[in-house]
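Peer 1: Input model-v8.cif, format and content: mmCIF, C-alpha atoms and all ligand atoms; chains and numbers go by the auth columns.
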```cif
data_entry
loop_
_atom_site.group_PDB
_atom_site.id
_atom_site.type_symbol
_atom_site.label_atom_id
_atom_site.label_comp_id
_atom_site.label_asym_id
_atom_site.label_seq_id
_atom_site.Cartn_x
_atom_site.Cartn_y
_atom_site.Cartn_z
_atom_site.B_iso_or_equiv
_atom_site.auth_seq_id
_atom_site.auth_asym_id
ATOM 1 C CA MET A 1 -0.915 -1.609 -23.290 0.00 1 A
ATOM 2 C CA LEU A 2 -1.382 -4.734 -21.199 0.00 2 A
ATOM 3 C CA GLU A 3 -3.116 -4.888 -17.839 0.00 3 A
ATOM 4 C CA ILE A 4 -0.792 -5.724 -14.925 0.00 4 A
ATOM 5 C CA LEU A 5 -2.352 -8.156 -12.454 0.00 5 A
ATOM 6 C CA LYS A 6 -2.159 -7.106 -8.820 0.00 6 A
ATOM 7 C CA TYR A 7 -1.591 -9.152 -5.653 0.00 7 A
ATOM 8 C CA PRO A 8 -3.509 -11.189 -4.476 0.00 8 A
ATOM 9 C CA ASP A 9 -4.798 -12.178 -7.952 0.00 9 A
ATOM 10 C CA PRO A 10 -4.654 -16.024 -7.978 0.00 10 A
ATOM 11 C CA ARG A 11 -3.189 -16.058 -11.502 0.00 11 A
ATOM 12 C CA LEU A 12 0.036 -14.678 -10.009 0.00 12 A
ATOM 13 C CA LYS A 13 0.428 -17.940 -8.071 0.00 13 A
ATOM 14 C CA GLU A 14 0.328 -20.277 -11.081 0.00 14 A
ATOM 15 C CA ILE A 15 3.397 -22.054 -12.469 0.00 15 A
ATOM 16 C CA ALA A 16 4.111 -20.855 -15.998 0.00 16 A
ATOM 17 C CA GLU A 17 4.588 -23.192 -18.992 0.00 17 A
ATOM 18 C CA PRO A 18 7.684 -23.327 -21.212 0.00 18 A
ATOM 19 C CA VAL A 19 7.546 -21.409 -24.502 0.00 19 A
ATOM 20 C CA SER A 20 7.617 -23.668 -27.579 0.00 20 A
ATOM 21 C CA ASP A 21 6.328 -21.322 -30.288 0.00 21 A
ATOM 22 C CA PHE A 22 8.808 -18.575 -31.197 0.00 22 A
ATOM 23 C CA GLY A 23 6.582 -16.996 -33.838 0.00 23 A
ATOM 24 C CA GLN A 24 4.813 -13.704 -34.367 0.00 24 A
ATOM 25 C CA SER A 25 2.527 -13.900 -31.333 0.00 25 A
ATOM 26 C CA LEU A 26 5.530 -14.322 -29.003 0.00 26 A
ATOM 27 C CA HIS A 27 7.229 -11.287 -30.551 0.00 27 A
ATOM 28 C CA LEU A 28 4.054 -9.255 -30.178 0.00 28 A
ATOM 29 C CA LEU A 29 3.735 -10.256 -26.522 0.00 29 A
ATOM 30 C CA LEU A 30 7.379 -9.322 -25.820 0.00 30 A
ATOM 31 C CA ASP A 31 6.936 -5.931 -27.520 0.00 31 A
ATOM 32 C CA GLU A 32 3.741 -5.207 -25.573 0.00 32 A
ATOM 33 C CA MET A 33 5.350 -6.301 -22.309 0.00 33 A
ATOM 34 C CA ALA A 34 8.305 -3.953 -22.816 0.00 34 A
ATOM 35 C CA LYS A 35 5.939 -1.048 -23.583 0.00 35 A
ATOM 36 C CA THR A 36 3.857 -1.865 -20.511 0.00 36 A
ATOM 37 C CA MET A 37 6.954 -2.101 -18.301 0.00 37 A
ATOM 38 C CA TYR A 38 8.289 1.275 -19.493 0.00 38 A
ATOM 39 C CA ALA A 39 4.880 2.959 -19.108 0.00 39 A
ATOM 40 C CA ALA A 40 4.606 1.643 -15.533 0.00 40 A
ATOM 41 C CA ASP A 41 8.173 2.757 -14.706 0.00 41 A
ATOM 42 C CA GLY A 42 9.272 -0.777 -13.850 0.00 42 A
ATOM 43 C CA ILE A 43 12.648 -2.390 -14.523 0.00 43 A
ATOM 44 C CA GLY A 44 11.240 -5.876 -15.035 0.00 44 A
ATOM 45 C CA LEU A 45 8.008 -7.605 -16.024 0.00 45 A
ATOM 46 C CA ALA A 46 7.195 -11.321 -16.206 0.00 46 A
ATOM 47 C CA ALA A 47 4.516 -12.828 -18.463 0.00 47 A
ATOM 48 C CA PRO A 48 2.336 -14.134 -15.571 0.00 48 A
ATOM 49 C CA GLN A 49 1.983 -10.517 -14.409 0.00 49 A
ATOM 50 C CA VAL A 50 0.048 -9.750 -17.592 0.00 50 A
ATOM 51 C CA GLY A 51 -1.999 -12.943 -17.388 0.00 51 A
ATOM 52 C CA GLU A 52 0.149 -15.017 -19.767 0.00 52 A
ATOM 53 C CA GLY A 53 1.283 -18.271 -18.171 0.00 53 A
ATOM 54 C CA LEU A 54 4.545 -18.497 -20.109 0.00 54 A
ATOM 55 C CA ARG A 55 8.150 -18.770 -18.921 0.00 55 A
ATOM 56 C CA LEU A 56 9.510 -15.428 -20.085 0.00 56 A
ATOM 57 C CA PHE A 57 10.283 -11.972 -18.771 0.00 57 A
ATOM 58 C CA VAL A 58 11.741 -8.646 -19.859 0.00 58 A
ATOM 59 C CA ILE A 59 14.196 -6.469 -17.934 0.00 59 A
ATOM 60 C CA ASP A 60 15.606 -2.989 -18.561 0.00 60 A
ATOM 61 C CA LEU A 61 17.533 -1.477 -15.677 0.00 61 A
ATOM 62 C CA GLY A 62 17.632 1.879 -17.434 0.00 62 A
ATOM 63 C CA PRO A 63 20.656 4.182 -17.593 0.00 63 A
ATOM 64 C CA GLY A 64 22.889 4.197 -14.529 0.00 64 A
ATOM 65 C CA GLU A 65 26.485 4.045 -13.389 0.00 65 A
ATOM 66 C CA ASN A 66 28.624 2.463 -16.151 0.00 66 A
ATOM 67 C CA ARG A 67 25.473 1.350 -17.889 0.00 67 A
ATOM 68 C CA LYS A 68 23.241 2.274 -20.791 0.00 68 A
ATOM 69 C CA ALA A 69 19.559 1.388 -20.907 0.00 69 A
ATOM 70 C CA LYS A 70 19.251 -2.041 -22.519 0.00 70 A
ATOM 71 C CA LEU A 71 16.220 -4.258 -23.012 0.00 71 A
ATOM 72 C CA HIS A 72 16.833 -7.897 -22.090 0.00 72 A
ATOM 73 C CA GLU A 73 14.402 -10.636 -23.087 0.00 73 A
ATOM 74 C CA PHE A 74 14.677 -13.990 -21.294 0.00 74 A
ATOM 75 C CA ILE A 75 12.658 -16.942 -22.570 0.00 75 A
ATOM 76 C CA ASN A 76 12.645 -20.357 -20.828 0.00 76 A
ATOM 77 C CA PRO A 77 15.298 -19.194 -18.329 0.00 77 A
ATOM 78 C CA VAL A 78 17.120 -21.666 -16.090 0.00 78 A
ATOM 79 C CA LEU A 79 19.139 -20.141 -13.249 0.00 79 A
ATOM 80 C CA SER A 80 22.296 -21.374 -11.564 0.00 80 A
ATOM 81 C CA LEU A 81 22.771 -19.490 -8.331 0.00 81 A
ATOM 82 C CA GLY A 82 26.302 -18.345 -7.579 0.00 82 A
ATOM 83 C CA GLU A 83 28.137 -17.283 -4.487 0.00 83 A
ATOM 84 C CA GLY A 84 27.632 -14.194 -2.370 0.00 84 A
ATOM 85 C CA SER A 85 24.475 -12.543 -1.189 0.00 85 A
ATOM 86 C CA ILE A 86 23.072 -9.095 -1.738 0.00 86 A
ATOM 87 C CA ALA A 87 20.142 -7.222 -0.248 0.00 87 A
ATOM 88 C CA PHE A 88 18.034 -4.791 -2.260 0.00 88 A
ATOM 89 C CA GLU A 89 14.949 -2.799 -1.453 0.00 89 A
ATOM 90 C CA GLU A 90 12.567 -4.448 -3.923 0.00 90 A
ATOM 91 C CA GLY A 91 9.253 -3.372 -5.291 0.00 91 A
ATOM 92 C CA CYS A 92 6.972 -5.114 -7.763 0.00 92 A
ATOM 93 C CA LEU A 93 4.513 -3.820 -10.354 0.00 93 A
ATOM 94 C CA SER A 94 2.022 -6.396 -9.050 0.00 94 A
ATOM 95 C CA VAL A 95 2.366 -5.146 -5.460 0.00 95 A
ATOM 96 C CA PRO A 96 2.107 -1.375 -5.925 0.00 96 A
ATOM 97 C CA GLY A 97 3.271 0.984 -3.224 0.00 97 A
ATOM 98 C CA VAL A 98 5.225 -1.627 -1.260 0.00 98 A
ATOM 99 C CA THR A 99 8.982 -2.073 -1.068 0.00 99 A
ATOM 100 C CA GLU A 100 10.858 -4.479 1.163 0.00 100 A
ATOM 101 C CA GLU A 101 14.458 -5.507 1.614 0.00 101 A
ATOM 102 C CA VAL A 102 15.020 -8.970 0.102 0.00 102 A
ATOM 103 C CA LYS A 103 18.236 -10.995 0.281 0.00 103 A
ATOM 104 C CA ARG A 104 19.291 -12.818 -2.894 0.00 104 A
ATOM 105 C CA HIS A 105 22.341 -14.332 -4.596 0.00 105 A
ATOM 106 C CA GLU A 106 24.773 -11.677 -5.761 0.00 106 A
ATOM 107 C CA LYS A 107 25.891 -13.564 -8.833 0.00 107 A
ATOM 108 C CA ILE A 108 23.964 -15.919 -11.089 0.00 108 A
ATOM 109 C CA THR A 109 24.249 -17.624 -14.447 0.00 109 A
ATOM 110 C CA VAL A 110 21.147 -17.894 -16.588 0.00 110 A
ATOM 111 C CA ARG A 111 20.657 -20.142 -19.602 0.00 111 A
ATOM 112 C CA TYR A 112 17.765 -18.950 -21.755 0.00 112 A
ATOM 113 C CA GLN A 113 16.481 -18.481 -25.286 0.00 113 A
ATOM 114 C CA ASP A 114 16.038 -15.260 -27.230 0.00 114 A
ATOM 115 C CA ARG A 115 12.871 -14.338 -29.162 0.00 115 A
ATOM 116 C CA ASN A 116 13.974 -16.483 -32.100 0.00 116 A
ATOM 117 C CA GLY A 117 14.647 -19.530 -29.952 0.00 117 A
ATOM 118 C CA LYS A 118 18.432 -19.192 -30.008 0.00 118 A
ATOM 119 C CA ARG A 119 20.055 -20.640 -26.861 0.00 119 A
ATOM 120 C CA LEU A 120 22.195 -18.211 -24.862 0.00 120 A
ATOM 121 C CA GLU A 121 23.915 -17.961 -21.514 0.00 121 A
ATOM 122 C CA MET A 122 24.647 -14.913 -19.383 0.00 122 A
ATOM 123 C CA THR A 123 26.390 -14.337 -16.082 0.00 123 A
ATOM 124 C CA ALA A 124 24.955 -11.414 -14.146 0.00 124 A
ATOM 125 C CA GLU A 125 25.667 -9.742 -10.836 0.00 125 A
ATOM 126 C CA GLY A 126 24.303 -6.926 -8.715 0.00 126 A
ATOM 127 C CA LEU A 127 21.019 -5.333 -9.692 0.00 127 A
ATOM 128 C CA LEU A 128 20.683 -7.351 -12.917 0.00 128 A
ATOM 129 C CA ALA A 129 21.129 -10.606 -10.953 0.00 129 A
ATOM 130 C CA VAL A 130 18.522 -9.428 -8.435 0.00 130 A
ATOM 131 C CA ALA A 131 16.060 -8.498 -11.193 0.00 131 A
ATOM 132 C CA ILE A 132 16.510 -11.874 -12.939 0.00 132 A
ATOM 133 C CA GLN A 133 15.875 -13.744 -9.667 0.00 133 A
ATOM 134 C CA HIS A 134 12.811 -11.591 -8.885 0.00 134 A
ATOM 135 C CA GLU A 135 11.306 -12.095 -12.362 0.00 135 A
ATOM 136 C CA ASN A 136 12.167 -15.796 -12.422 0.00 136 A
ATOM 137 C CA ASP A 137 10.242 -16.211 -9.154 0.00 137 A
ATOM 138 C CA HIS A 138 7.133 -14.884 -10.944 0.00 138 A
ATOM 139 C CA LEU A 139 7.371 -17.854 -13.353 0.00 139 A
ATOM 140 C CA ASP A 140 6.996 -20.180 -10.377 0.00 140 A
ATOM 141 C CA GLY A 141 4.147 -18.200 -8.843 0.00 141 A
ATOM 142 C CA VAL A 142 6.315 -16.651 -6.144 0.00 142 A
ATOM 143 C CA LEU A 143 5.981 -12.999 -5.154 0.00 143 A
ATOM 144 C CA PHE A 144 8.648 -11.167 -3.179 0.00 144 A
ATOM 145 C CA VAL A 145 6.145 -10.465 -0.408 0.00 145 A
ATOM 146 C CA GLU A 146 6.115 -14.225 0.287 0.00 146 A
ATOM 147 C CA LYS A 147 9.750 -14.003 1.326 0.00 147 A
ATOM 148 C CA LEU A 148 8.698 -11.792 4.234 0.00 148 A
ATOM 149 C CA SER A 149 7.783 -13.071 7.683 0.00 149 A
ATOM 150 C CA PRO A 150 4.149 -14.188 8.183 0.00 150 A
ATOM 151 C CA LEU A 151 3.497 -11.232 10.475 0.00 151 A
ATOM 152 C CA LYS A 152 4.793 -8.687 7.986 0.00 152 A
ATOM 153 C CA ARG A 153 2.761 -10.409 5.284 0.00 153 A
ATOM 154 C CA ARG A 154 -0.438 -10.202 7.320 0.00 154 A
ATOM 155 C CA LEU A 155 0.129 -6.512 7.903 0.00 155 A
ATOM 156 C CA LEU A 156 0.820 -6.039 4.213 0.00 156 A
ATOM 157 C CA LYS A 157 -2.337 -7.866 3.180 0.00 157 A
ATOM 158 C CA LYS A 158 -4.376 -5.636 5.467 0.00 158 A
ATOM 159 C CA LYS A 159 -2.706 -2.574 4.051 0.00 159 A
ATOM 160 C CA LEU A 160 -3.345 -3.713 0.477 0.00 160 A
ATOM 161 C CA GLN A 161 -6.974 -4.551 1.127 0.00 161 A
ATOM 162 C CA LYS A 162 -7.376 -1.149 2.670 0.00 162 A
ATOM 163 C CA ALA A 163 -5.764 0.439 -0.343 0.00 163 A
ATOM 164 C CA VAL A 164 -8.085 -1.423 -2.680 0.00 164 A
ATOM 165 C CA THR A 165 -11.278 -0.464 -0.824 0.00 165 A
ATOM 166 C CA LEU A 166 -10.324 3.197 -0.640 0.00 166 A
HETATM 167 CO CO CO B . 7.574 -8.435 -9.610 0.00 1 B
#
```
Would it be possible to restate this file's structure as structure tokens?
Peer 2:
Amino acid sequence: MLEILKYPDPRLKEIAEPVSDFGQSLHLLLDEMAKTMYAADGIGLAAPQVGEGLRLFVIDLGPGENRKAKLHEFINPVLSLGEGSIAFEEGCLSVPGVTEEVKRHEKITVRYQDRNGKRLEMTAEGLLAVAIQHENDHLDGVLFVEKLSPLKRRLLKKKLQKAVTL
């Protein structure tokens, strides 16, 4: 199992590098990330959250309405944001115990590569679109708490520091 970095670890603020090697070590990392995500009860996990500065993330929304659990792997994703907006109560494995409503694009298209380097494209909406945008932000060192107002963020930081010292 991999260790999940927690806010405000400075490594979560770094910009991740594109993946160029689609060999064994990439596959191992993806497998370990999926295991870590499932064990932590998350629906998404980006490589910077486990201390790997690479542009990739995994998502599995789990079973739900009209949907079976399915593991998605996105490597070197590039997003095109579509129309419509949607608000979800978001949480993050790197910001435990905190959820906040975040507004995002309802529909997106993502071009990416799979674990073998094959180029693919997917259009997503709803929760999957939200998850892709949230995870993609991690690749650029952006956490969802930074989308909150400065006041809310200050309160949150206090709360987190308190939680850590307890
Ligand atoms: Co997150």
Peer 1: Here's the selection I'm unsure about, the PyMOL selection byres (((chain A and resi 55) around 9) and not hetatm); applied to the file above, which residues does it give, as a ChimeraX atom specification?
Peer 2: /A:15-19,46-48,52-54,56-57,74-77,136,138-140
Peer 1: Exactly which residues make up the result of the PyMOL selection byres (((not hetatm)) within 6 of (chain B and resi 1)) on this file, given as a PyMOL selection string?
Peer 2: chain A and resi 92-94+135
Peer 1: Which distance in Å separates atom CA of Gly62 of chain A and atom CA of Ala129 of chain A, to one decimal?
Peer 2: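 Between these atoms lies a distance of 14.5 Å.
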Peer 1: Any chance you could work out the axis-aligned box around segment 9-21 of chain A, listed atoms only, 5 Å on each side, giving centre and edge lengths in Å to one decimal, as JSON?
Peer 2:
```
{"center_x": 1.4, "center_y": -17.9, "center_z": -19.1, "size_x": 22.5, "size_y": 21.5, "size_z": 32.3}
```
Peer 1: For the PyMOL selection byres (((chain A and resi 99) around 12) and not hetatm), applied here, can you spell out every residue it catches as an mmCIF file with C-alpha atoms, in the frame of the given file?
Peer 2:
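Wrote it out as selection_4.cif, contents follow:
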```cif
data_model
loop_
_atom_site.group_PDB
_atom_site.id
_atom_site.type_symbol
_atom_site.label_atom_id
_atom_site.label_comp_id
_atom_site.auth_asym_id
_atom_site.auth_seq_id
_atom_site.Cartn_x
_atom_site.Cartn_y
_atom_site.Cartn_z
ATOM 1 C CA PHE A 88 18.034 -4.791 -2.260
ATOM 2 C CA GLU A 89 14.949 -2.799 -1.453
ATOM 3 C CA GLU A 90 12.567 -4.448 -3.923
ATOM 4 C CA GLY A 91 9.253 -3.372 -5.291
ATOM 5 C CA CYS A 92 6.972 -5.114 -7.763
ATOM 6 C CA LEU A 93 4.513 -3.820 -10.354
ATOM 7 C CA SER A 94 2.022 -6.396 -9.050
ATOM 8 C CA VAL A 95 2.366 -5.146 -5.460
ATOM 9 C CA PRO A 96 2.107 -1.375 -5.925
ATOM 10 C CA GLY A 97 3.271 0.984 -3.224
ATOM 11 C CA VAL A 98 5.225 -1.627 -1.260
ATOM 12 C CA GLU A 100 10.858 -4.479 1.163
ATOM 13 C CA GLU A 101 14.458 -5.507 1.614
ATOM 14 C CA VAL A 102 15.020 -8.970 0.102
ATOM 15 C CA PHE A 144 8.648 -11.167 -3.179
ATOM 16 C CA VAL A 145 6.145 -10.465 -0.408
ATOM 17 C CA LEU A 148 8.698 -11.792 4.234
ATOM 18 C CA LYS A 152 4.793 -8.687 7.986
ATOM 19 C CA LEU A 156 0.820 -6.039 4.213
#
```
Peer 1: Which residues come within 7 Å of segment 21-32 of chain A, counting only C-alpha atoms, excluding same-chain residues fewer than 3 positions away, as JSON, numbers by chain?
Peer 2: {"A": [1, 2, 35, 36, 115, 116, 117]}
Peer 1: Just the number, please: distance in Å from atom CA of Gly42 of chain A to atom CA of Ala131 of chain A, one decimal.
Peer 2: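 Atom CA of Ala131 of chain A lies 10.6 Å from atom CA of Gly42 of chain A.
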Peer 1: Name all residues at most 10 Å from Lys107 of chain A (count all atoms listed in the file; drop same-chain ones fewer than 2 positions away) and give them as a short mmCIF file (atom, residue, chain, number, x, y, z; two decimals) with C-alpha atoms, keeping the file's coordinate frame.
Peer 2:
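What landed in part.cif:
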```
data_model
loop_
_atom_site.label_atom_id
_atom_site.label_comp_id
_atom_site.auth_asym_id
_atom_site.auth_seq_id
_atom_site.Cartn_x
_atom_site.Cartn_y
_atom_site.Cartn_z
CA SER A 80 22.30 -21.37 -11.56
CA LEU A 81 22.77 -19.49 -8.33
CA GLY A 82 26.30 -18.34 -7.58
CA GLU A 83 28.14 -17.28 -4.49
CA GLY A 84 27.63 -14.19 -2.37
CA SER A 85 24.48 -12.54 -1.19
CA ILE A 86 23.07 -9.10 -1.74
CA ARG A 104 19.29 -12.82 -2.89
CA HIS A 105 22.34 -14.33 -4.60
CA THR A 109 24.25 -17.62 -14.45
CA THR A 123 26.39 -14.34 -16.08
CA ALA A 124 24.96 -11.41 -14.15
CA GLU A 125 25.67 -9.74 -10.84
CA GLY A 126 24.30 -6.93 -8.72
CA LEU A 127 21.02 -5.33 -9.69
CA LEU A 128 20.68 -7.35 -12.92
CA ALA A 129 21.13 -10.61 -10.95
CA VAL A 130 18.52 -9.43 -8.44
#
```
Peer 1: Taking into account only C-alpha atoms, which residue in the set A:Ala87, A:Ile132, A:Val78, A:Ile59 is nearest to Arg111 of chain A?
Peer 2: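 Counting only C-alpha atoms, the residue closest to Arg111 of chain A is A:Val78.
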Peer 1: Just how far from atom CA of Leu12 of chain A is atom CA of Lys157 of chain A, in Å to one decimal?
Peer 2: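 It comes out at 15.0 Å.
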Peer 1: Using all atoms listed in the file, pick whichever of A:Glu65, A:Glu73, A:Glu146, A:Glu3 has the shortest atom-to-atom distance to Gly44 of chain A.
Peer 2: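 Residue with the minimum atom-to-atom distance to Gly44 of chain A: A:Glu73.
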Peer 1: Kindly indicate which residue among A:Arg67, A:Gln133, A:Asp41, A:Gly141 lies nearest to Glu106 of chain A, using only C-alpha atoms for the distances.
Peer 2: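 Using only C-alpha atoms, the shortest distance to Glu106 of chain A belongs to A:Gln133.
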Peer 1: Any chance you could turn segment 106-148 of chain A into a file with C-alpha atoms, as an mmCIF file, in the first residue's frame?
Peer 2:
```
data_model
loop_
_atom_site.group_PDB
_atom_site.id
_atom_site.type_symbol
_atom_site.label_atom_id
_atom_site.label_comp_id
_atom_site.auth_asym_id
_atom_site.auth_seq_id
_atom_site.Cartn_x
_atom_site.Cartn_y
_atom_site.Cartn_z
ATOM 1 C CA GLU A 106 -20.892 19.263 -16.154
ATOM 2 C CA LYS A 107 -19.499 17.788 -19.337
ATOM 3 C CA ILE A 108 -15.907 17.351 -20.459
ATOM 4 C CA THR A 109 -13.873 15.564 -23.092
ATOM 5 C CA VAL A 110 -10.553 14.068 -22.081
ATOM 6 C CA ARG A 111 -7.790 12.901 -24.400
ATOM 7 C CA TYR A 112 -5.396 10.551 -22.618
ATOM 8 C CA GLN A 113 -3.271 7.431 -22.921
ATOM 9 C CA ASP A 114 -3.868 4.011 -21.407
ATOM 10 C CA ARG A 115 -1.214 2.007 -19.521
ATOM 11 C CA ASN A 116 0.274 0.789 -22.800
ATOM 12 C CA GLY A 117 0.525 4.270 -24.274
ATOM 13 C CA LYS A 118 -2.462 3.903 -26.595
ATOM 14 C CA ARG A 119 -4.169 7.256 -27.289
ATOM 15 C CA LEU A 120 -7.856 7.434 -26.367
ATOM 16 C CA GLU A 121 -10.615 9.976 -25.978
ATOM 17 C CA MET A 122 -13.630 9.955 -23.681
ATOM 18 C CA THR A 123 -16.560 12.272 -23.124
ATOM 19 C CA ALA A 124 -17.811 12.235 -19.548
ATOM 20 C CA GLU A 125 -20.554 13.967 -17.617
ATOM 21 C CA GLY A 126 -21.875 14.141 -14.079
ATOM 22 C CA LEU A 127 -19.872 12.538 -11.304
ATOM 23 C CA LEU A 128 -17.260 11.061 -13.667
ATOM 24 C CA ALA A 129 -16.656 14.518 -15.195
ATOM 25 C CA VAL A 130 -16.339 15.995 -11.697
ATOM 26 C CA ALA A 131 -13.887 13.286 -10.613
ATOM 27 C CA ILE A 132 -11.735 13.770 -13.741
ATOM 28 C CA GLN A 133 -11.580 17.543 -13.149
ATOM 29 C CA HIS A 134 -10.743 17.055 -9.448
ATOM 30 C CA GLU A 135 -7.959 14.545 -10.192
ATOM 31 C CA ASN A 136 -6.618 16.583 -13.104
ATOM 32 C CA ASP A 137 -6.267 19.563 -10.748
ATOM 33 C CA HIS A 138 -3.928 17.442 -8.589
ATOM 34 C CA LEU A 139 -1.569 17.159 -11.595
ATOM 35 C CA ASP A 140 -1.248 20.940 -11.582
ATOM 36 C CA GLY A 141 -0.781 21.161 -7.825
ATOM 37 C CA VAL A 142 -4.303 22.414 -7.185
ATOM 38 C CA LEU A 143 -6.384 21.147 -4.271
ATOM 39 C CA PHE A 144 -10.139 21.629 -4.083
ATOM 40 C CA VAL A 145 -9.749 23.582 -0.848
ATOM 41 C CA GLU A 146 -8.013 26.303 -2.897
ATOM 42 C CA LYS A 147 -11.265 26.906 -4.743
ATOM 43 C CA LEU A 148 -12.814 28.060 -1.468
#
```
